[in-house]
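> Handing you a structure now.
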There are 2 protein chains.
Amino acid sequence: MTTATQAAPSFTLTVKDVAHASHVAPSAVRFYEDQGLIQARRTTGNQRRFDENAICRIRFARRAQRVGLTVREIADIFQALPEQPSAQDWARVADSLVAEAEAHVADLRHDLDALQTVTIRCTAGTVR
Amino acid sequence: MTTATQAAPSFTLTVKDVAHASHVAPSAVRFYEDQGLIQARRTTGNQRRFDENAICRIRFARRAQRVGLTVREIADIFQALPEQPSAQDWARVADSLVAEAEAHVADLRHDLDALQTVTIRCTAGTVR
DNA sequence: CTGGGCGTTCAAGTACGGTTGAAGTCAAGA
DNA sequence: TCTTGACTTCAACCGTACTTGAACGCCCAG
């Protein structure tokens, strides 16, 4: 059974594991931890151990970056996530990210439309 | 009359003029010229002179940057513009930018949806 | 003819988002 | 025990997108 009450994913993944699974360099994984995008626990030997959560966060984050969100903005959105996010939690984050992105595009469209009406000054007509 | 066949806007604007009109720093205006985003002529005293075109380009560019386009990408889009763009030319550029931005968001949405179906691994259920 | 104000170039600095390399630590196998 | 490999930190570096500062040039008013 795949019931949703299975407790912690137990932080077994190394930097390399996460890097590989999320298609980024190991250095980026460390960087993202520094930036608070993902969280790690440490082994007795001071090595980072992540859970699957980190992989999803990074995958989400990389996509969000492409539409102009900064690492910090993304980290802020992730702060809304609980320790053990449910599918709904992830869905909400996805919605937030898309909403952010769409807001950006709406701004773009709005501003470009506004420019259009003013753009006459940029065309051949009306020197002043 | 404000007929659209009035010839060149004659490159009378200084760096400061353009900076002020497009709400960026003068240093940014010089930077944009270096990057090929805008074009200037020079006075006999080697000073830059812009036309209104530059103002529109910068305004468009700043918006486009917010949705993840680089200066180089924007410059490429601007290369499609003729020396004296018509309102239609600007409209086409606006459409390109919005289309680009929307494509990015569509990608984001698509990828996030795809992640959703895989995200089960990130939730409390199914450790493996 | 000497300021002042505007412009110029070029080098260096800043912030973001990482990468790279040096030096050290830890755990396991020959 | 020694070596190997994976991990650690930290500092330096890269590209992008600018900003800042120094040193200098033009031009007009007084």
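Quick note on naming: the chains in the structure tokens go A, B, ... in the order shown, residues restart at 1 in each chain, and ligands are numbered from 1 in order of appearance.
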I want to know what sits within 7 Å of stretch 3-19 of chain D, based on only C-alpha atoms (C1' of nucleotides), with residues of the same chain fewer than 2 positions away left out; could you give that as an mmCIF file with C-alpha atoms (C1' of nucleotides), in the first residue's frame?

```
data_model
loop_
_atom_site.group_PDB
_atom_site.id
_atom_site.type_symbol
_atom_site.label_atom_id
_atom_site.label_comp_id
_atom_site.auth_asym_id
_atom_site.auth_seq_id
_atom_site.Cartn_x
_atom_site.Cartn_y
_atom_site.Cartn_z
ATOM 1 C CA GLN A 47 28.274 15.143 5.482
ATOM 2 C CA ALA B 28 22.964 52.055 -18.139
ATOM 3 C "C1'" DT C 25 38.519 15.057 6.890
#
```
> How would chain A read as a JSON list (two decimals) with N, CA and C atoms, in the first residue's frame once least-squares superposed on chain B using all paired C-alpha atoms?

```json
[["chain", "number", "residue", "atom", "x", "y", "z"],
["A", 1, "MET", "N", -0.59, 68.55, -38.98],
["A", 1, "MET", "CA", -0.83, 67.14, -39.29],
["A", 1, "MET", "C", 0.25, 66.23, -38.74],
["A", 2, "THR", "N", -0.19, 65.08, -38.36],
["A", 2, "THR", "CA", 0.76, 64.14, -37.78],
["A", 2, "THR", "C", 0.95, 62.96, -38.72],
["A", 3, "THR", "N", 1.19, 63.27, -39.95],
["A", 3, "THR", "CA", 1.40, 62.20, -40.93],
["A", 3, "THR", "C", 2.68, 61.45, -40.62],
["A", 4, "ALA", "N", 2.69, 60.17, -40.99],
["A", 4, "ALA", "CA", 3.77, 59.29, -40.55],
["A", 4, "ALA", "C", 5.01, 59.36, -41.42],
["A", 5, "THR", "N", 5.04, 60.26, -42.39],
["A", 5, "THR", "CA", 6.19, 60.33, -43.29],
["A", 5, "THR", "C", 7.00, 61.60, -43.02],
["A", 6, "GLN", "N", 7.58, 61.67, -41.83],
["A", 6, "GLN", "CA", 8.27, 62.89, -41.41],
["A", 6, "GLN", "C", 9.78, 62.71, -41.36],
["A", 7, "ALA", "N", 10.29, 61.58, -41.84],
["A", 7, "ALA", "CA", 11.73, 61.28, -41.87],
["A", 7, "ALA", "C", 12.32, 61.10, -40.48],
["A", 8, "ALA", "N", 13.64, 61.21, -40.39],
["A", 8, "ALA", "CA", 14.40, 60.82, -39.19],
["A", 8, "ALA", "C", 14.12, 61.70, -37.98],
["A", 9, "PRO", "N", 14.07, 61.09, -36.79],
["A", 9, "PRO", "CA", 13.97, 61.85, -35.54],
["A", 9, "PRO", "C", 15.28, 62.53, -35.20],
["A", 10, "SER", "N", 16.24, 62.45, -36.02],
["A", 10, "SER", "CA", 17.43, 63.31, -36.06],
["A", 10, "SER", "C", 18.44, 63.23, -34.91],
["A", 11, "PHE", "N", 18.34, 62.28, -34.01],
["A", 11, "PHE", "CA", 19.41, 62.05, -33.04],
["A", 11, "PHE", "C", 19.85, 63.30, -32.30],
["A", 12, "THR", "N", 18.94, 63.79, -31.49],
["A", 12, "THR", "CA", 19.24, 65.02, -30.75],
["A", 12, "THR", "C", 19.36, 64.79, -29.25],
["A", 13, "LEU", "N", 19.05, 63.58, -28.78],
["A", 13, "LEU", "CA", 18.98, 63.34, -27.34],
["A", 13, "LEU", "C", 20.32, 62.93, -26.75],
["A", 14, "THR", "N", 20.67, 63.52, -25.63],
["A", 14, "THR", "CA", 21.90, 63.15, -24.94],
["A", 14, "THR", "C", 21.66, 61.91, -24.08],
["A", 15, "VAL", "N", 22.73, 61.39, -23.56],
["A", 15, "VAL", "CA", 22.64, 60.25, -22.65],
["A", 15, "VAL", "C", 21.70, 60.61, -21.49],
["A", 16, "LYS", "N", 21.88, 61.77, -20.98],
["A", 16, "LYS", "CA", 21.07, 62.19, -19.84],
["A", 16, "LYS", "C", 19.59, 62.25, -20.19],
["A", 17, "ASP", "N", 19.30, 62.80, -21.36],
["A", 17, "ASP", "CA", 17.91, 62.88, -21.82],
["A", 17, "ASP", "C", 17.27, 61.50, -21.85],
["A", 18, "VAL", "N", 18.00, 60.58, -22.48],
["A", 18, "VAL", "CA", 17.47, 59.23, -22.65],
["A", 18, "VAL", "C", 17.32, 58.55, -21.29],
["A", 19, "ALA", "N", 18.33, 58.75, -20.45],
["A", 19, "ALA", "CA", 18.30, 58.15, -19.12],
["A", 19, "ALA", "C", 17.07, 58.61, -18.36],
["A", 20, "HIS", "N", 16.84, 59.91, -18.42],
["A", 20, "HIS", "CA", 15.72, 60.49, -17.71],
["A", 20, "HIS", "C", 14.39, 59.98, -18.26],
["A", 21, "ALA", "N", 14.29, 59.99, -19.58],
["A", 21, "ALA", "CA", 13.02, 59.60, -20.21],
["A", 21, "ALA", "C", 12.72, 58.12, -20.04],
["A", 22, "SER", "N", 13.76, 57.31, -19.89],
["A", 22, "SER", "CA", 13.50, 55.87, -19.81],
["A", 22, "SER", "C", 13.71, 55.35, -18.38],
["A", 23, "HIS", "N", 13.95, 56.28, -17.46],
["A", 23, "HIS", "CA", 14.03, 55.93, -16.04],
["A", 23, "HIS", "C", 15.14, 54.94, -15.71],
["A", 24, "VAL", "N", 16.29, 55.13, -16.32],
["A", 24, "VAL", "CA", 17.47, 54.35, -15.96],
["A", 24, "VAL", "C", 18.63, 55.32, -15.74],
["A", 25, "ALA", "N", 19.71, 54.81, -15.19],
["A", 25, "ALA", "CA", 20.89, 55.65, -14.96],
["A", 25, "ALA", "C", 21.63, 55.88, -16.27],
["A", 26, "PRO", "N", 22.32, 57.01, -16.36],
["A", 26, "PRO", "CA", 23.12, 57.28, -17.56],
["A", 26, "PRO", "C", 24.10, 56.15, -17.86],
["A", 27, "SER", "N", 24.65, 55.59, -16.80],
["A", 27, "SER", "CA", 25.60, 54.48, -17.01],
["A", 27, "SER", "C", 24.90, 53.31, -17.71],
["A", 28, "ALA", "N", 23.65, 53.11, -17.41],
["A", 28, "ALA", "CA", 22.91, 52.02, -18.05],
["A", 28, "ALA", "C", 22.70, 52.31, -19.53],
["A", 29, "VAL", "N", 22.47, 53.57, -19.84],
["A", 29, "VAL", "CA", 22.28, 53.92, -21.25],
["A", 29, "VAL", "C", 23.55, 53.60, -22.05],
["A", 30, "ARG", "N", 24.70, 53.96, -21.49],
["A", 30, "ARG", "CA", 25.97, 53.64, -22.16],
["A", 30, "ARG", "C", 26.13, 52.13, -22.27],
["A", 31, "PHE", "N", 25.81, 51.47, -21.18],
["A", 31, "PHE", "CA", 25.90, 50.01, -21.17],
["A", 31, "PHE", "C", 25.03, 49.41, -22.27],
["A", 32, "TYR", "N", 23.82, 49.88, -22.41],
["A", 32, "TYR", "CA", 22.91, 49.34, -23.42],
["A", 32, "TYR", "C", 23.44, 49.61, -24.83],
["A", 33, "GLU", "N", 24.10, 50.74, -25.01],
["A", 33, "GLU", "CA", 24.68, 50.98, -26.31],
["A", 33, "GLU", "C", 25.81, 49.96, -26.57],
["A", 34, "ASP", "N", 26.66, 49.77, -25.58],
["A", 34, "ASP", "CA", 27.72, 48.77, -25.69],
["A", 34, "ASP", "C", 27.16, 47.41, -26.09],
["A", 35, "GLN", "N", 26.03, 47.08, -25.50],
["A", 35, "GLN", "CA", 25.43, 45.76, -25.70],
["A", 35, "GLN", "C", 24.63, 45.67, -27.00],
["A", 36, "GLY", "N", 24.54, 46.77, -27.71],
["A", 36, "GLY", "CA", 23.83, 46.75, -28.99],
["A", 36, "GLY", "C", 22.33, 46.85, -28.86],
["A", 37, "LEU", "N", 21.86, 47.20, -27.67],
["A", 37, "LEU", "CA", 20.42, 47.31, -27.45],
["A", 37, "LEU", "C", 19.88, 48.58, -28.11],
["A", 38, "ILE", "N", 20.67, 49.62, -28.08],
["A", 38, "ILE", "CA", 20.29, 50.89, -28.70],
["A", 38, "ILE", "C", 21.47, 51.39, -29.53],
["A", 39, "GLN", "N", 21.17, 52.30, -30.46],
["A", 39, "GLN", "CA", 22.24, 52.86, -31.29],
["A", 39, "GLN", "C", 22.33, 54.37, -31.10],
["A", 40, "ALA", "N", 23.56, 54.86, -31.20],
["A", 40, "ALA", "CA", 23.78, 56.30, -31.09],
["A", 40, "ALA", "C", 24.59, 56.77, -32.29],
["A", 41, "ARG", "N", 24.44, 58.06, -32.58],
["A", 41, "ARG", "CA", 25.41, 58.68, -33.47],
["A", 41, "ARG", "C", 26.30, 59.52, -32.57],
["A", 42, "ARG", "N", 27.39, 60.02, -33.14],
["A", 42, "ARG", "CA", 28.29, 60.84, -32.35],
["A", 42, "ARG", "C", 28.35, 62.25, -32.92],
["A", 43, "THR", "N", 28.47, 63.22, -32.02],
["A", 43, "THR", "CA", 28.68, 64.60, -32.46],
["A", 43, "THR", "C", 30.15, 64.75, -32.86],
["A", 44, "THR", "N", 30.48, 65.90, -33.41],
["A", 44, "THR", "CA", 31.89, 66.15, -33.76],
["A", 44, "THR", "C", 32.74, 66.07, -32.51],
["A", 45, "GLY", "N", 32.16, 66.38, -31.38],
["A", 45, "GLY", "CA", 32.89, 66.29, -30.11],
["A", 45, "GLY", "C", 32.80, 64.92, -29.47],
["A", 46, "ASN", "N", 32.40, 63.90, -30.23],
["A", 46, "ASN", "CA", 32.37, 62.50, -29.78],
["A", 46, "ASN", "C", 31.30, 62.20, -28.75],
["A", 47, "GLN", "N", 30.33, 63.04, -28.64],
["A", 47, "GLN", "CA", 29.25, 62.75, -27.69],
["A", 47, "GLN", "C", 28.14, 61.96, -28.36],
["A", 48, "ARG", "N", 27.51, 61.10, -27.55],
["A", 48, "ARG", "CA", 26.40, 60.28, -28.06],
["A", 48, "ARG", "C", 25.16, 61.14, -28.27],
["A", 49, "ARG", "N", 24.48, 60.83, -29.37],
["A", 49, "ARG", "CA", 23.16, 61.43, -29.58],
["A", 49, "ARG", "C", 22.20, 60.34, -30.01],
["A", 50, "PHE", "N", 21.08, 60.27, -29.28],
["A", 50, "PHE", "CA", 20.09, 59.23, -29.54],
["A", 50, "PHE", "C", 18.83, 59.86, -30.13],
["A", 51, "ASP", "N", 17.98, 59.00, -30.69],
["A", 51, "ASP", "CA", 16.65, 59.44, -31.06],
["A", 51, "ASP", "C", 15.64, 58.81, -30.09],
["A", 52, "GLU", "N", 14.38, 59.15, -30.28],
["A", 52, "GLU", "CA", 13.32, 58.69, -29.36],
["A", 52, "GLU", "C", 13.23, 57.16, -29.34],
["A", 53, "ASN", "N", 13.60, 56.61, -30.45],
["A", 53, "ASN", "CA", 13.69, 55.17, -30.59],
["A", 53, "ASN", "C", 14.36, 54.50, -29.39],
["A", 54, "ALA", "N", 15.47, 55.07, -28.98],
["A", 54, "ALA", "CA", 16.24, 54.50, -27.89],
["A", 54, "ALA", "C", 15.42, 54.43, -26.61],
["A", 55, "ILE", "N", 14.61, 55.46, -26.40],
["A", 55, "ILE", "CA", 13.79, 55.50, -25.20],
["A", 55, "ILE", "C", 12.81, 54.33, -25.19],
["A", 56, "CYS", "N", 12.15, 54.14, -26.33],
["A", 56, "CYS", "CA", 11.19, 53.04, -26.41],
["A", 56, "CYS", "C", 11.88, 51.69, -26.26],
["A", 57, "ARG", "N", 13.02, 51.58, -26.89],
["A", 57, "ARG", "CA", 13.75, 50.31, -26.78],
["A", 57, "ARG", "C", 14.07, 50.01, -25.32],
["A", 58, "ILE", "N", 14.54, 51.00, -24.62],
["A", 58, "ILE", "CA", 14.91, 50.76, -23.22],
["A", 58, "ILE", "C", 13.68, 50.43, -22.39],
["A", 59, "ARG", "N", 12.61, 51.17, -22.62],
["A", 59, "ARG", "CA", 11.39, 50.88, -21.85],
["A", 59, "ARG", "C", 10.92, 49.46, -22.12],
["A", 60, "PHE", "N", 10.90, 49.09, -23.38],
["A", 60, "PHE", "CA", 10.51, 47.72, -23.72],
["A", 60, "PHE", "C", 11.45, 46.72, -23.05],
["A", 61, "ALA", "N", 12.72, 47.02, -23.15],
["A", 61, "ALA", "CA", 13.73, 46.07, -22.66],
["A", 61, "ALA", "C", 13.60, 45.84, -21.17],
["A", 62, "ARG", "N", 13.41, 46.92, -20.41],
["A", 62, "ARG", "CA", 13.32, 46.76, -18.95],
["A", 62, "ARG", "C", 12.16, 45.85, -18.58],
["A", 63, "ARG", "N", 11.06, 45.99, -19.29],
["A", 63, "ARG", "CA", 9.91, 45.14, -19.01],
["A", 63, "ARG", "C", 10.23, 43.70, -19.34],
["A", 64, "ALA", "N", 10.87, 43.53, -20.48],
["A", 64, "ALA", "CA", 11.17, 42.17, -20.92],
["A", 64, "ALA", "C", 12.13, 41.47, -19.97],
["A", 65, "GLN", "N", 13.04, 42.25, -19.41],
["A", 65, "GLN", "CA", 13.99, 41.66, -18.46],
["A", 65, "GLN", "C", 13.28, 41.08, -17.25],
["A", 66, "ARG", "N", 12.20, 41.72, -16.86],
["A", 66, "ARG", "CA", 11.48, 41.25, -15.67],
["A", 66, "ARG", "C", 10.89, 39.87, -15.85],
["A", 67, "VAL", "N", 10.66, 39.46, -17.09],
["A", 67, "VAL", "CA", 10.11, 38.13, -17.29],
["A", 67, "VAL", "C", 11.19, 37.15, -17.74],
["A", 68, "GLY", "N", 12.44, 37.51, -17.46],
["A", 68, "GLY", "CA", 13.51, 36.53, -17.62],
["A", 68, "GLY", "C", 14.26, 36.59, -18.93],
["A", 69, "LEU", "N", 13.99, 37.57, -19.77],
["A", 69, "LEU", "CA", 14.76, 37.68, -21.01],
["A", 69, "LEU", "C", 16.08, 38.40, -20.72],
["A", 70, "THR", "N", 17.13, 37.94, -21.36],
["A", 70, "THR", "CA", 18.43, 38.57, -21.17],
["A", 70, "THR", "C", 18.57, 39.75, -22.13],
["A", 71, "VAL", "N", 19.52, 40.61, -21.83],
["A", 71, "VAL", "CA", 19.79, 41.74, -22.70],
["A", 71, "VAL", "C", 20.08, 41.27, -24.12],
["A", 72, "ARG", "N", 20.81, 40.21, -24.22],
["A", 72, "ARG", "CA", 21.16, 39.70, -25.55],
["A", 72, "ARG", "C", 19.93, 39.22, -26.31],
["A", 73, "GLU", "N", 19.05, 38.50, -25.62],
["A", 73, "GLU", "CA", 17.82, 38.02, -26.27],
["A", 73, "GLU", "C", 16.98, 39.20, -26.74],
["A", 74, "ILE", "N", 16.93, 40.21, -25.92],
["A", 74, "ILE", "CA", 16.13, 41.38, -26.26],
["A", 74, "ILE", "C", 16.76, 42.11, -27.45],
["A", 75, "ALA", "N", 18.06, 42.22, -27.42],
["A", 75, "ALA", "CA", 18.77, 42.85, -28.53],
["A", 75, "ALA", "C", 18.47, 42.09, -29.82],
["A", 76, "ASP", "N", 18.42, 40.77, -29.73],
["A", 76, "ASP", "CA", 18.12, 39.97, -30.92],
["A", 76, "ASP", "C", 16.73, 40.29, -31.44],
["A", 77, "ILE", "N", 15.77, 40.38, -30.54],
["A", 77, "ILE", "CA", 14.41, 40.71, -30.96],
["A", 77, "ILE", "C", 14.38, 42.09, -31.61],
["A", 78, "PHE", "N", 15.15, 43.01, -31.06],
["A", 78, "PHE", "CA", 15.18, 44.37, -31.60],
["A", 78, "PHE", "C", 15.83, 44.42, -32.99],
["A", 79, "GLN", "N", 16.67, 43.46, -33.28],
["A", 79, "GLN", "CA", 17.31, 43.45, -34.59],
["A", 79, "GLN", "C", 16.29, 43.41, -35.72],
["A", 80, "ALA", "N", 15.10, 42.90, -35.41],
["A", 80, "ALA", "CA", 14.05, 42.84, -36.42],
["A", 80, "ALA", "C", 13.47, 44.23, -36.72],
["A", 81, "LEU", "N", 13.78, 45.19, -35.88],
["A", 81, "LEU", "CA", 13.24, 46.54, -36.07],
["A", 81, "LEU", "C", 14.02, 47.30, -37.14],
["A", 82, "PRO", "N", 13.32, 47.99, -38.03],
["A", 82, "PRO", "CA", 13.99, 48.85, -39.01],
["A", 82, "PRO", "C", 14.49, 50.13, -38.33],
["A", 83, "GLU", "N", 15.27, 50.88, -39.07],
["A", 83, "GLU", "CA", 15.81, 52.15, -38.56],
["A", 83, "GLU", "C", 14.71, 53.05, -38.01],
["A", 84, "GLN", "N", 13.66, 53.17, -38.82],
["A", 84, "GLN", "CA", 12.53, 54.00, -38.42],
["A", 84, "GLN", "C", 11.28, 53.14, -38.27],
["A", 85, "PRO", "N", 11.12, 52.53, -37.10],
["A", 85, "PRO", "CA", 10.03, 51.57, -36.93],
["A", 85, "PRO", "C", 8.68, 52.27, -36.96],
["A", 86, "SER", "N", 7.70, 51.60, -37.54],
["A", 86, "SER", "CA", 6.33, 52.09, -37.52],
["A", 86, "SER", "C", 5.65, 51.57, -36.26],
["A", 87, "ALA", "N", 4.47, 52.08, -36.01],
["A", 87, "ALA", "CA", 3.69, 51.60, -34.87],
["A", 87, "ALA", "C", 3.51, 50.09, -34.99],
["A", 88, "GLN", "N", 3.30, 49.61, -36.19],
["A", 88, "GLN", "CA", 3.13, 48.18, -36.39],
["A", 88, "GLN", "C", 4.39, 47.41, -36.03],
["A", 89, "ASP", "N", 5.54, 47.99, -36.36],
["A", 89, "ASP", "CA", 6.80, 47.33, -36.01],
["A", 89, "ASP", "C", 6.89, 47.18, -34.50],
["A", 90, "TRP", "N", 6.57, 48.24, -33.80],
["A", 90, "TRP", "CA", 6.61, 48.16, -32.34],
["A", 90, "TRP", "C", 5.60, 47.15, -31.83],
["A", 91, "ALA", "N", 4.44, 47.14, -32.44],
["A", 91, "ALA", "CA", 3.42, 46.18, -32.02],
["A", 91, "ALA", "C", 3.93, 44.76, -32.21],
["A", 92, "ARG", "N", 4.62, 44.54, -33.32],
["A", 92, "ARG", "CA", 5.16, 43.20, -33.56],
["A", 92, "ARG", "C", 6.18, 42.83, -32.50],
["A", 93, "VAL", "N", 7.05, 43.79, -32.15],
["A", 93, "VAL", "CA", 8.04, 43.53, -31.12],
["A", 93, "VAL", "C", 7.35, 43.22, -29.79],
["A", 94, "ALA", "N", 6.33, 44.01, -29.49],
["A", 94, "ALA", "CA", 5.58, 43.76, -28.25],
["A", 94, "ALA", "C", 5.02, 42.35, -28.26],
["A", 95, "ASP", "N", 4.45, 41.97, -29.40],
["A", 95, "ASP", "CA", 3.91, 40.62, -29.52],
["A", 95, "ASP", "C", 5.00, 39.57, -29.33],
["A", 96, "SER", "N", 6.16, 39.81, -29.93],
["A", 96, "SER", "CA", 7.27, 38.87, -29.78],
["A", 96, "SER", "C", 7.65, 38.71, -28.32],
["A", 97, "LEU", "N", 7.75, 39.83, -27.64],
["A", 97, "LEU", "CA", 8.17, 39.80, -26.24],
["A", 97, "LEU", "C", 7.14, 39.05, -25.40],
["A", 98, "VAL", "N", 5.87, 39.39, -25.61],
["A", 98, "VAL", "CA", 4.82, 38.71, -24.84],
["A", 98, "VAL", "C", 4.81, 37.23, -25.18],
["A", 99, "ALA", "N", 5.00, 36.92, -26.47],
["A", 99, "ALA", "CA", 5.00, 35.52, -26.88],
["A", 99, "ALA", "C", 6.14, 34.77, -26.21],
["A", 100, "GLU", "N", 7.32, 35.39, -26.19],
["A", 100, "GLU", "CA", 8.47, 34.80, -25.51],
["A", 100, "GLU", "C", 8.13, 34.53, -24.07],
["A", 101, "ALA", "N", 7.62, 35.55, -23.43],
["A", 101, "ALA", "CA", 7.31, 35.46, -22.01],
["A", 101, "ALA", "C", 6.27, 34.37, -21.75],
["A", 102, "GLU", "N", 5.26, 34.33, -22.61],
["A", 102, "GLU", "CA", 4.21, 33.33, -22.42],
["A", 102, "GLU", "C", 4.74, 31.93, -22.68],
["A", 103, "ALA", "N", 5.65, 31.84, -23.62],
["A", 103, "ALA", "CA", 6.26, 30.53, -23.87],
["A", 103, "ALA", "C", 7.00, 30.07, -22.62],
["A", 104, "HIS", "N", 7.70, 31.01, -21.98],
["A", 104, "HIS", "CA", 8.41, 30.66, -20.75],
["A", 104, "HIS", "C", 7.43, 30.17, -19.69],
["A", 105, "VAL", "N", 6.32, 30.88, -19.55],
["A", 105, "VAL", "CA", 5.34, 30.49, -18.53],
["A", 105, "VAL", "C", 4.71, 29.15, -18.89],
["A", 106, "ALA", "N", 4.45, 28.98, -20.19],
["A", 106, "ALA", "CA", 3.88, 27.70, -20.62],
["A", 106, "ALA", "C", 4.83, 26.56, -20.29],
["A", 107, "ASP", "N", 6.12, 26.79, -20.53],
["A", 107, "ASP", "CA", 7.13, 25.80, -20.16],
["A", 107, "ASP", "C", 7.06, 25.52, -18.68],
["A", 108, "LEU", "N", 7.00, 26.60, -17.91],
["A", 108, "LEU", "CA", 6.93, 26.47, -16.46],
["A", 108, "LEU", "C", 5.74, 25.61, -16.06],
["A", 109, "ARG", "N", 4.60, 25.98, -16.59],
["A", 109, "ARG", "CA", 3.38, 25.26, -16.23],
["A", 109, "ARG", "C", 3.49, 23.79, -16.63],
["A", 110, "HIS", "N", 3.97, 23.58, -17.82],
["A", 110, "HIS", "CA", 4.11, 22.21, -18.32],
["A", 110, "HIS", "C", 5.03, 21.40, -17.42],
["A", 111, "ASP", "N", 6.17, 22.00, -17.10],
["A", 111, "ASP", "CA", 7.15, 21.28, -16.29],
["A", 111, "ASP", "C", 6.63, 21.04, -14.89],
["A", 112, "LEU", "N", 5.93, 22.02, -14.35],
["A", 112, "LEU", "CA", 5.39, 21.85, -13.00],
["A", 112, "LEU", "C", 4.32, 20.76, -13.00],
["A", 113, "ASP", "N", 3.49, 20.76, -14.04],
["A", 113, "ASP", "CA", 2.50, 19.70, -14.15],
["A", 113, "ASP", "C", 3.18, 18.34, -14.21],
["A", 114, "ALA", "N", 4.22, 18.29, -15.03],
["A", 114, "ALA", "CA", 4.96, 17.03, -15.15],
["A", 114, "ALA", "C", 5.53, 16.63, -13.80],
["A", 115, "LEU", "N", 6.06, 17.61, -13.09],
["A", 115, "LEU", "CA", 6.62, 17.32, -11.77],
["A", 115, "LEU", "C", 5.55, 16.80, -10.83],
["A", 116, "GLN", "N", 4.37, 17.37, -10.93],
["A", 116, "GLN", "CA", 3.28, 16.94, -10.05],
["A", 116, "GLN", "C", 3.09, 15.44, -10.10],
["A", 117, "THR", "N", 3.13, 14.92, -11.32],
["A", 117, "THR", "CA", 2.88, 13.49, -11.46],
["A", 117, "THR", "C", 4.03, 12.67, -10.89],
["A", 118, "VAL", "N", 5.17, 13.32, -10.78],
["A", 118, "VAL", "CA", 6.37, 12.63, -10.29],
["A", 118, "VAL", "C", 6.61, 12.96, -8.82],
["A", 119, "THR", "N", 5.93, 13.98, -8.39],
["A", 119, "THR", "CA", 6.18, 14.55, -7.08],
["A", 119, "THR", "C", 5.83, 13.59, -5.95],
["A", 120, "ILE", "N", 5.05, 12.60, -6.30],
["A", 120, "ILE", "CA", 4.68, 11.60, -5.29],
["A", 120, "ILE", "C", 5.92, 11.13, -4.53],
["A", 121, "ARG", "N", 7.02, 11.07, -5.27],
["A", 121, "ARG", "CA", 8.28, 10.64, -4.65],
["A", 121, "ARG", "C", 8.74, 11.62, -3.59],
["A", 122, "CYS", "N", 8.26, 12.86, -3.69],
["A", 122, "CYS", "CA", 8.69, 13.89, -2.75],
["A", 122, "CYS", "C", 7.75, 14.01, -1.57],
["A", 123, "THR", "N", 6.59, 13.39, -1.69],
["A", 123, "THR", "CA", 5.64, 13.48, -0.58],
["A", 123, "THR", "C", 5.91, 12.36, 0.41],
["A", 124, "ALA", "N", 5.11, 12.33, 1.42],
["A", 124, "ALA", "CA", 5.35, 11.38, 2.50],
["A", 124, "ALA", "C", 5.31, 9.92, 2.03],
["A", 125, "GLY", "N", 4.52, 9.63, 0.99],
["A", 125, "GLY", "CA", 4.38, 8.25, 0.54],
["A", 125, "GLY", "C", 5.58, 7.76, -0.27],
["A", 126, "THR", "N", 5.56, 6.46, -0.55],
["A", 126, "THR", "CA", 6.52, 5.81, -1.46],
["A", 126, "THR", "C", 7.97, 6.23, -1.28],
["A", 127, "VAL", "N", 8.59, 5.67, -0.29],
["A", 127, "VAL", "CA", 10.01, 5.94, -0.07],
["A", 127, "VAL", "C", 10.83, 5.48, -1.27],
["A", 128, "ARG", "N", 10.42, 4.41, -1.85],
["A", 128, "ARG", "CA", 11.01, 3.99, -3.13],
["A", 128, "ARG", "C", 10.11, 3.09, -3.90]]
```
> Distance cut-off 9 Å, counting only C-alpha atoms (C1' of nucleotides) - which residues of chain C neighbour chain A? Return them as a ChimeraX atom specification.
/C:16-19,25-26
> Could you check how far atom C1' of D:DG21 sits from atom C1' of C:DG3, in Å to one decimal?
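Between these atoms lies a distance of 21.8 Å.
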> Among chain A, which ones does DSSP place in helix (DSSP H, G or I), written as a PyMOL selection string?
chain A and resi 15-22+26-34+52-66+71-78+87-122
> In Å, how far is it from atom C1' of D:DT1 to atom C1' of C:DA23?
22.5 Å
